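Novice: Sending over start.pdb (PDB, C-alpha atoms and all ligand atoms).
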ATOM      1  CA  LEU D   1      -3.296  64.101  31.483
ATOM      2  CA  ALA D   2      -0.791  64.696  34.265
ATOM      3  CA  VAL D   3       0.218  62.476  37.135
ATOM      4  CA  LYS D   4      -1.708  63.461  40.227
ATOM      5  CA  PRO D   5       0.294  64.186  43.354
ATOM      6  CA  PRO D   6       1.986  62.561  45.163
ATOM      7  CA  PHE D   7       3.650  61.111  42.045
ATOM      8  CA  GLU D   8       5.874  62.570  39.399
ATOM      9  CA  LEU D   9       7.492  61.168  36.274
ATOM     10  CA  LYS D  10      11.263  61.108  35.993
ATOM     11  CA  ARG D  11      12.902  60.232  32.712
ATOM     12  CA  LEU D  12      14.780  56.942  32.841
ATOM     13  CA  TYR D  13      15.614  56.377  29.134
ATOM     14  CA  SER D  14      15.663  58.861  26.276
ATOM     15  CA  ARG D  15      14.570  58.206  22.710
ATOM     16  CA  GLU D  16      18.241  57.821  21.729
ATOM     17  CA  GLU D  17      18.957  55.275  24.460
ATOM     18  CA  ILE D  18      15.861  53.298  23.515
ATOM     19  CA  SER D  19      16.639  53.257  19.804
ATOM     20  CA  GLU D  20      20.214  52.176  20.471
ATOM     21  CA  VAL D  21      18.929  49.187  22.439
ATOM     22  CA  VAL D  22      16.289  48.434  19.779
ATOM     23  CA  ARG D  23      19.014  48.418  17.117
ATOM     24  CA  ARG D  24      21.239  46.118  19.198
ATOM     25  CA  LEU D  25      18.428  43.632  19.805
ATOM     26  CA  SER D  26      17.218  43.663  16.207
ATOM     27  CA  ALA D  27      20.751  43.030  14.947
ATOM     28  CA  GLN D  28      21.044  39.986  17.238
ATOM     29  CA  ILE D  29      17.589  38.735  16.243
ATOM     30  CA  SER D  30      18.233  39.250  12.519
ATOM     31  CA  ARG D  31      21.422  37.212  12.812
ATOM     32  CA  ASP D  32      19.960  34.404  14.945
ATOM     33  CA  PHE D  33      16.701  33.991  13.001
ATOM     34  CA  ALA D  34      18.012  34.377   9.453
ATOM     35  CA  GLY D  35      16.373  31.765   7.228
ATOM     36  CA  LYS D  36      14.021  30.620  10.014
ATOM     37  CA  ASP D  37      10.855  32.538   9.065
ATOM     38  CA  PRO D  38      10.241  33.547  12.692
ATOM     39  CA  LEU D  39       6.856  34.321  14.176
ATOM     40  CA  VAL D  40       7.169  37.475  16.257
ATOM     41  CA  VAL D  41       4.463  37.529  18.943
ATOM     42  CA  GLY D  42       3.763  40.708  20.884
ATOM     43  CA  VAL D  43       2.211  40.440  24.329
ATOM     44  CA  LEU D  44      -0.703  42.876  24.457
ATOM     45  CA  LYS D  45      -0.784  45.665  25.156
ATOM     46  CA  GLY D  46       2.510  46.843  26.598
ATOM     47  CA  SER D  47       4.758  45.472  23.849
ATOM     48  CA  VAL D  48       3.148  47.142  20.837
ATOM     49  CA  ILE D  49       5.347  50.239  20.633
ATOM     50  CA  PHE D  50       8.536  48.260  21.202
ATOM     51  CA  LEU D  51       7.473  45.577  18.703
ATOM     52  CA  SER D  52       6.702  48.095  15.992
ATOM     53  CA  ASP D  53      10.092  49.775  16.377
ATOM     54  CA  LEU D  54      11.923  46.450  16.631
ATOM     55  CA  VAL D  55      10.492  44.789  13.513
ATOM     56  CA  ARG D  56      11.251  47.852  11.398
ATOM     57  CA  GLU D  57      14.950  47.455  12.286
ATOM     58  CA  LEU D  58      15.099  43.767  11.385
ATOM     59  CA  SER D  59      16.872  42.767   8.210
ATOM     60  CA  ILE D  60      14.866  39.530   7.875
ATOM     61  CA  PRO D  61      11.220  38.919   7.001
ATOM     62  CA  THR D  62       8.917  38.047   9.893
ATOM     63  CA  GLU D  63       5.321  37.235  10.541
ATOM     64  CA  ILE D  64       3.700  39.252  13.314
ATOM     65  CA  ASP D  65       1.032  38.094  15.733
ATOM     66  CA  PHE D  66      -0.204  38.900  19.217
ATOM     67  CA  ILE D  67      -1.227  37.192  22.413
ATOM     68  CA  GLY D  68      -3.363  38.655  25.185
ATOM     69  CA  THR D  69      -3.109  37.852  28.869
ATOM     70  CA  SER D  70      -4.714  39.029  32.037
ATOM     71  CA  SER D  71      -3.879  38.361  35.638
ATOM     72  CA  TYR D  72      -6.665  37.964  38.085
ATOM     73  CA  GLY D  73      -6.435  39.663  41.416
ATOM     74  CA  ASN D  74      -8.075  42.273  43.558
ATOM     75  CA  GLY D  75      -7.000  45.582  42.051
ATOM     76  CA  THR D  76      -3.275  46.096  42.327
ATOM     77  CA  THR D  77      -2.221  42.787  43.825
ATOM     78  CA  SER D  78      -1.944  39.954  41.360
ATOM     79  CA  THR D  79      -3.023  36.485  42.385
ATOM     80  CA  GLY D  80      -0.423  35.089  40.033
ATOM     81  CA  GLN D  81      -3.209  33.400  38.046
ATOM     82  CA  ILE D  82      -2.576  34.313  34.408
ATOM     83  CA  LYS D  83      -5.235  33.693  31.762
ATOM     84  CA  ILE D  84      -4.720  33.764  27.993
ATOM     85  CA  THR D  85      -7.422  36.178  26.784
ATOM     86  CA  ALA D  86      -6.510  36.354  23.083
ATOM     87  CA  GLU D  87      -4.752  33.648  21.098
ATOM     88  CA  PRO D  88      -2.499  34.140  18.074
ATOM     89  CA  THR D  89      -4.068  33.152  14.769
ATOM     90  CA  ALA D  90      -0.842  32.101  13.038
ATOM     91  CA  ARG D  91       0.225  28.498  12.601
ATOM     92  CA  LEU D  92       2.408  27.637  15.610
ATOM     93  CA  ALA D  93       3.526  24.062  15.051
ATOM     94  CA  GLY D  94       7.077  23.859  13.789
ATOM     95  CA  ARG D  95       7.592  27.623  14.045
ATOM     96  CA  HIS D  96      10.453  29.573  15.561
ATOM     97  CA  ILE D  97       8.555  31.809  17.964
ATOM     98  CA  LEU D  98       9.951  35.042  19.368
ATOM     99  CA  ILE D  99       7.877  36.493  22.201
ATOM    100  CA  ILE D 100       8.118  40.255  22.595
ATOM    101  CA  GLU D 101       7.574  41.784  26.022
ATOM    102  CA  ASP D 102       7.968  45.351  27.197
ATOM    103  CA  ILE D 103       8.953  44.231  30.680
ATOM    104  CA  VAL D 104       9.533  41.097  32.725
ATOM    105  CA  ASP D 105       8.593  41.758  36.327
ATOM    106  CA  THR D 106       7.594  38.687  38.381
ATOM    107  CA  GLY D 107       7.943  36.555  35.255
ATOM    108  CA  LEU D 108       4.521  34.963  35.835
ATOM    109  CA  CYS D 109       3.064  36.351  32.628
ATOM    110  CA  ILE D 110       5.927  35.101  30.483
ATOM    111  CA  GLU D 111       5.808  31.731  32.256
ATOM    112  CA  ALA D 112       2.126  31.320  31.327
ATOM    113  CA  ILE D 113       2.865  32.362  27.735
ATOM    114  CA  MET D 114       5.735  29.875  27.468
ATOM    115  CA  LYS D 115       3.400  27.159  28.748
ATOM    116  CA  TYR D 116       0.788  28.129  26.146
ATOM    117  CA  PHE D 117       3.223  28.029  23.229
ATOM    118  CA  SER D 118       4.975  24.842  24.295
ATOM    119  CA  LYS D 119       1.618  23.021  23.984
ATOM    120  CA  HIS D 120       1.528  23.920  20.288
ATOM    121  CA  LYS D 121       4.737  22.096  19.313
ATOM    122  CA  PRO D 122       6.830  25.013  18.021
ATOM    123  CA  ALA D 123      10.369  24.460  16.719
ATOM    124  CA  SER D 124      11.693  26.928  19.309
ATOM    125  CA  ILE D 125      10.523  29.622  21.716
ATOM    126  CA  SER D 126      12.660  32.642  22.659
ATOM    127  CA  ILE D 127      11.967  35.748  24.689
ATOM    128  CA  CYS D 128      12.863  39.323  23.856
ATOM    129  CA  ALA D 129      12.147  41.869  26.593
ATOM    130  CA  LEU D 130      12.923  45.550  26.417
ATOM    131  CA  MET D 131      13.233  45.725  30.203
ATOM    132  CA  ASP D 132      13.976  43.199  32.898
ATOM    133  CA  LYS D 133      13.461  43.754  36.611
ATOM    134  CA  PRO D 134      15.425  40.859  38.144
ATOM    135  CA  ALA D 135      14.761  41.974  41.739
ATOM    136  CA  ARG D 136      11.092  41.041  41.280
ATOM    137  CA  HIS D 137      11.363  37.651  39.561
ATOM    138  CA  GLN D 138       9.281  34.925  41.187
ATOM    139  CA  VAL D 139      10.048  32.271  38.612
ATOM    140  CA  ARG D 140      13.089  31.435  36.530
ATOM    141  CA  VAL D 141      12.899  33.048  33.100
ATOM    142  CA  LYS D 142      15.456  32.863  30.334
ATOM    143  CA  ILE D 143      15.456  36.103  28.354
ATOM    144  CA  ALA D 144      17.512  35.526  25.214
ATOM    145  CA  TYR D 145      17.251  39.165  24.085
ATOM    146  CA  SER D 146      17.214  41.604  26.970
ATOM    147  CA  GLY D 147      17.314  45.380  26.558
ATOM    148  CA  PHE D 148      17.653  47.236  29.853
ATOM    149  CA  THR D 149      18.094  45.723  33.308
ATOM    150  CA  ILE D 150      16.184  48.102  35.527
ATOM    151  CA  PRO D 151      15.859  48.719  39.275
ATOM    152  CA  ASP D 152      12.706  47.832  41.191
ATOM    153  CA  LYS D 153      10.749  50.927  40.191
ATOM    154  CA  PHE D 154       7.423  51.396  38.451
ATOM    155  CA  VAL D 155       7.990  52.481  34.855
ATOM    156  CA  VAL D 156       5.683  54.016  32.257
ATOM    157  CA  GLY D 157       5.876  55.214  28.681
ATOM    158  CA  TYR D 158       6.922  53.576  25.404
ATOM    159  CA  GLY D 159       3.975  51.175  25.688
ATOM    160  CA  LEU D 160       3.959  50.775  29.457
ATOM    161  CA  ASP D 161       0.985  52.069  31.383
ATOM    162  CA  PHE D 162      -0.246  53.186  34.746
ATOM    163  CA  SER D 163      -3.981  52.366  34.709
ATOM    164  CA  GLN D 164      -3.900  52.514  30.876
ATOM    165  CA  HIS D 165      -2.310  55.973  30.827
ATOM    166  CA  TYR D 166       1.104  57.052  29.492
ATOM    167  CA  ARG D 167       1.596  54.259  26.919
ATOM    168  CA  HIS D 168       1.954  56.874  24.174
ATOM    169  CA  LEU D 169       4.935  58.676  25.733
ATOM    170  CA  PRO D 170       7.972  58.197  23.465
ATOM    171  CA  GLU D 171      10.421  57.863  26.362
ATOM    172  CA  ILE D 172      10.519  55.730  29.506
ATOM    173  CA  PHE D 173       9.859  57.253  32.920
ATOM    174  CA  THR D 174       9.858  56.061  36.507
ATOM    175  CA  MET D 175       6.890  57.012  38.634
ATOM    176  CA  GLU D 176       8.383  58.532  41.739
ATOM    177  CA  GLU D 177       6.835  59.634  44.954
ATOM    178  CA  ALA D 178       6.965  63.419  44.938
ATOM    179  CA  PRO D 179       9.432  64.864  47.480
ATOM    180  CA  ASP D 180       6.725  66.660  49.478
ATOM    181  CA  ALA D 181       4.283  63.755  49.448
ATOM    182  CA  GLY D 182       4.501  63.382  53.224
ATOM    183  CA  GLN D 183       1.945  60.990  54.661
ATOM    184  CA  LEU D 184       0.063  60.947  51.387
ATOM    185  CA  ALA D 185       2.717  58.428  50.384
ATOM    186  CA  SER D 186       1.288  55.124  49.202
ATOM    187  CA  ASP D 187       1.380  52.227  51.623
ATOM    188  CA  ASP D 188       1.995  49.435  49.125
TER     189      ASP D 188
HETATM  190  C1  LIG E   1       2.594  44.007  32.221
HETATM  191  C2  LIG E   1       3.771  44.001  31.273
HETATM  192  C3  LIG E   1       4.073  42.529  31.107
HETATM  193  C4  LIG E   1       3.705  41.943  32.465
HETATM  194  C5  LIG E   1       4.934  41.764  33.298
HETATM  195  O1  LIG E   1       1.429  43.788  31.469
HETATM  196  O2  LIG E   1       3.445  44.589  30.047
HETATM  197  O3  LIG E   1       3.270  41.957  30.108
HETATM  198  O4  LIG E   1       2.830  42.915  33.102
HETATM  199  O5  LIG E   1       4.589  41.351  34.596
HETATM  200  P1  LIG E   1       4.995  39.960  35.212
HETATM  201  O6  LIG E   1       6.406  39.632  34.813
HETATM  202  O7  LIG E   1       4.874  40.197  36.697
HETATM  203  O8  LIG E   1       4.024  38.916  34.740
HETATM  204  P2  LIG E   1      -0.015  44.123  32.049
HETATM  205  O9  LIG E   1      -0.585  42.887  32.678
HETATM  206  O10 LIG E   1       0.063  45.342  32.905
HETATM  207  O11 LIG E   1      -0.868  44.400  30.749
HETATM  208  P3  LIG E   1      -0.554  45.488  29.612
HETATM  209  O12 LIG E   1       0.617  44.977  28.844
HETATM  210  O13 LIG E   1      -1.792  45.531  28.808
HETATM  211  O14 LIG E   1      -0.255  46.791  30.314
HETATM  212 MN    MN E   2       1.976  43.438  29.179
HETATM  213 MG    MG E   3       0.090  47.188  32.317
END
Turn this file's structure into structure tokens for me.
Ligand code: PRP
Ligand code: MN
Ligand code: MG
Specialist:
Amino acid sequence: LAVKPPFELKRLYSREEISEVVRRLSAQISRDFAGKDPLVVGVLKGSVIFLSDLVRELSIPTEIDFIGTSSYGNGTTSTGQIKITAEPTARLAGRHILIIEDIVDTGLCIEAIMKYFSKHKPASISICALMDKPARHQVRVKIAYSGFTIPDKFVVGYGLDFSQHYRHLPEIFTMEEAPDAGQLASDD
């Protein structure tokens, strides 16, 4: 499948740049969570590639679980109403929980997830995000483990999708308006 005009993919981060960041984050996490039996929770679906690379670099044992969310809106514009669509099955009370996100954009998703976990009396909750887009934050989020700080561009690959496509790409790309797009350019 190829991007239809007027868009094209431009590489933002190579495999090497991604694995360097994954190693840095997993070293920090291994150090901070040693002896704490952390519960690593991936946010479906975008985080799955990042999570699977990250946990394989950790030098500590972890339990893995997932949480599903969806935001309700009309098509592309989110209403900011986030619903939890799949709950983790692990015990949460008393646990040191590490939430794994591919990207923090408005922060609304992570805010809803934090609210969900805090109801279950964990020992601690921390966030690890491969990418952070601070220009788009609508709420205050504290990302303890942050990979790349990125500009306000739409990114795909390495788990991130455009309408469910491109998650499988091993590198990260920006979706750019093609130079000759003219008035076909999107109006959003
Ligand atoms: C994307 C991304 C984050 C969230 C970030 O997920 O993977 O989970 O949006 O946006 P926010 O900071 O504005 O809340 P999406 O809802 O597209 O689902 P997906 O992970 O299945 O692609
Ligand atoms: Mn997601
Ligand atoms: Mg998505």
Novice: Within 12 Å of Glu20 in chain D, counting only C-alpha atoms, which residues show up once you throw out same-chain ones fewer than 4 positions away? Write them as a list in words, please.
Specialist: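 The contact residues come out as Tyr13, Ser14, Arg15, Glu16, Arg24, Leu25, Ser26, Ala27, Asp53, Leu54, Glu57, Leu130, Gly147 and Phe148 of chain D.
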Novice: Using only C-alpha atoms and all ligand atoms, what table do you get, as CSV, when you list each residue of chain D with an atom no more than 6 Å from ligand LIG 1 (chain E), its nearest pair of atoms, and their distance in Å rounded to one decimal, rows by chain then rising number?
Specialist:
residue,atom,partner,partner_atom,distance
D:Leu44,CA,E:LIG1,O12,5.0
D:Lys45,CA,E:LIG1,O13,3.8
D:Gly46,CA,E:LIG1,O12,3.5
D:Ser70,CA,E:LIG1,O9,5.7
D:Glu101,CA,E:LIG1,O3,5.9
D:Asp102,CA,E:LIG1,O2,5.4
D:Ile103,CA,E:LIG1,C3,5.2
D:Val104,CA,E:LIG1,O6,4.0
D:Asp105,CA,E:LIG1,O6,3.4
D:Thr106,CA,E:LIG1,O7,3.5
D:Gly107,CA,E:LIG1,O6,3.5
D:Leu108,CA,E:LIG1,O8,4.1
D:Cys109,CA,E:LIG1,O8,3.5
D:Leu160,CA,E:LIG1,O14,5.9
D:Asp161,CA,E:LIG1,O14,5.5
Novice: Within 10 Å of Ala135 in chain D, counting only C-alpha atoms, which residues show up once you throw out same-chain ones fewer than 5 positions away? Write them as a list in words, please.
Specialist: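 That gives Asp105, Thr106, Thr149, Ile150, Pro151, Asp152 and Lys153 of chain D.
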Novice: What is the distance, in Å and to one decimal place, between CA of Val22 in chain D and CA of Asp37 in chain D?
Specialist: 19.9 Å
Novice: So, with only C-alpha atoms and all ligand atoms as the atoms that count, which of D:Ser146, D:Gln28, D:Ser71, D:Gln81 lies closest to ligand MN 2 (chain E)?
Specialist: D:Ser71
Novice: Do you know which residues are at most 7 Å from Lys10 in chain D counting all atoms listed in the file, after dropping those on the same chain fewer than 3 positions away, and could you put them as a ChimeraX atom specification?
Specialist: /D:173-176
Novice: Dump C-alpha atoms for the selected residues as a PDB file, in the coordinates of the input?
Specialist:
ATOM      1  CA  PHE D 173       9.859  57.253  32.920  1.00  0.00           C
ATOM      2  CA  THR D 174       9.858  56.061  36.507  1.00  0.00           C
ATOM      3  CA  MET D 175       6.890  57.012  38.634  1.00  0.00           C
ATOM      4  CA  GLU D 176       8.383  58.532  41.739  1.00  0.00           C
TER       5      GLU D 176
END
Novice: On this file, the PyMOL selection byres (((chain D and resi 89-96) around 9) and not hetatm) gives some set of residues; write that set as a ChimeraX atom specification.
Specialist: /D:33,36-40,63-66,87-88,97-98,117,120-126
Novice: Given 5 Å on each side, where is the centre and what are the edge lengths in Å to one decimal of the axis-aligned box enclosing the listed atoms of range 50-54 of chain D, as AutoDock Vina command-line options?
Specialist:
--center_x 9.3 --center_y 47.7 --center_z 18.6 --size_x 15.2 --size_y 14.2 --size_z 15.2
Novice: In Å, rounded to a single decimal, give me how far CA of Ile49 in chain D is from CA of Tyr145 in chain D.
Specialist: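 Rounded to one decimal, the two atoms are 16.6 Å apart.
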Novice: Using CA of Val156 in chain D and CA of Gly68 in chain D as the two end points, give the distance in Å to one decimal.
Specialist: 19.2 Å
Novice: Using all atoms listed in the file, which residue out of D:Met131, D:Ala34, D:Ile60, D:Leu169 lies closest to ligand MN 2 (chain E)?
Specialist: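 The closest residue to ligand MN 2 (chain E) is D:Met131.
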Novice: Which residue gives the smallest distance to Ile143 in chain D among D:Leu51, D:Ile18, D:Ile127, D:Ile100, with only C-alpha atoms counted?
Specialist: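 Smallest distance to Ile143 in chain D is found for D:Ile127.
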Novice: Take range 153-172 of chain D, model N, CA and C atoms, and hand the result over as a tab-separated table (two decimals), in the coordinates of the input.
Specialist:
chain	number	residue	atom	x	y	z
D	153	LYS	N	11.56	49.71	40.20
D	153	LYS	CA	10.75	50.93	40.19
D	153	LYS	C	9.65	50.77	39.17
D	154	PHE	N	8.54	51.46	39.39
D	154	PHE	CA	7.42	51.40	38.45
D	154	PHE	C	7.73	52.28	37.25
D	155	VAL	N	7.65	51.71	36.06
D	155	VAL	CA	7.99	52.48	34.85
D	155	VAL	C	6.80	52.61	33.91
D	156	VAL	N	6.74	53.74	33.23
D	156	VAL	CA	5.68	54.02	32.26
D	156	VAL	C	6.27	54.62	30.99
D	157	GLY	N	5.47	54.64	29.95
D	157	GLY	CA	5.88	55.21	28.68
D	157	GLY	C	6.37	54.15	27.72
D	158	TYR	N	6.45	54.49	26.44
D	158	TYR	CA	6.92	53.58	25.40
D	158	TYR	C	6.14	52.25	25.47
D	159	GLY	N	4.83	52.36	25.64
D	159	GLY	CA	3.98	51.18	25.69
D	159	GLY	C	3.52	50.80	27.08
D	160	LEU	N	4.30	51.18	28.09
D	160	LEU	CA	3.96	50.78	29.46
D	160	LEU	C	3.01	51.77	30.10
D	161	ASP	N	2.05	51.23	30.85
D	161	ASP	CA	0.98	52.07	31.38
D	161	ASP	C	0.95	52.11	32.90
D	162	PHE	N	0.26	53.15	33.37
D	162	PHE	CA	-0.25	53.19	34.75
D	162	PHE	C	-1.75	53.37	34.60
D	163	SER	N	-2.53	52.34	34.90
D	163	SER	CA	-3.98	52.37	34.71
D	163	SER	C	-4.35	52.82	33.29
D	164	GLN	N	-3.67	52.28	32.32
D	164	GLN	CA	-3.90	52.51	30.88
D	164	GLN	C	-3.42	53.89	30.39
D	165	HIS	N	-2.85	54.69	31.25
D	165	HIS	CA	-2.31	55.97	30.83
D	165	HIS	C	-0.81	55.87	30.55
D	166	TYR	N	-0.33	56.82	29.76
D	166	TYR	CA	1.10	57.05	29.49
D	166	TYR	C	1.74	56.11	28.48
D	167	ARG	N	0.98	55.17	27.88
D	167	ARG	CA	1.60	54.26	26.92
D	167	ARG	C	2.19	55.01	25.73
D	168	HIS	N	1.58	56.15	25.39
D	168	HIS	CA	1.95	56.87	24.17
D	168	HIS	C	3.24	57.67	24.34
D	169	LEU	N	3.74	57.85	25.54
D	169	LEU	CA	4.93	58.68	25.73
D	169	LEU	C	6.12	58.03	25.01
D	170	PRO	N	6.89	58.79	24.26
D	170	PRO	CA	7.97	58.20	23.46
D	170	PRO	C	9.22	57.82	24.26
D	171	GLU	N	9.26	58.20	25.53
D	171	GLU	CA	10.42	57.86	26.36
D	171	GLU	C	9.93	57.05	27.57
D	172	ILE	N	10.88	56.56	28.35
D	172	ILE	CA	10.52	55.73	29.51
D	172	ILE	C	10.78	56.51	30.79
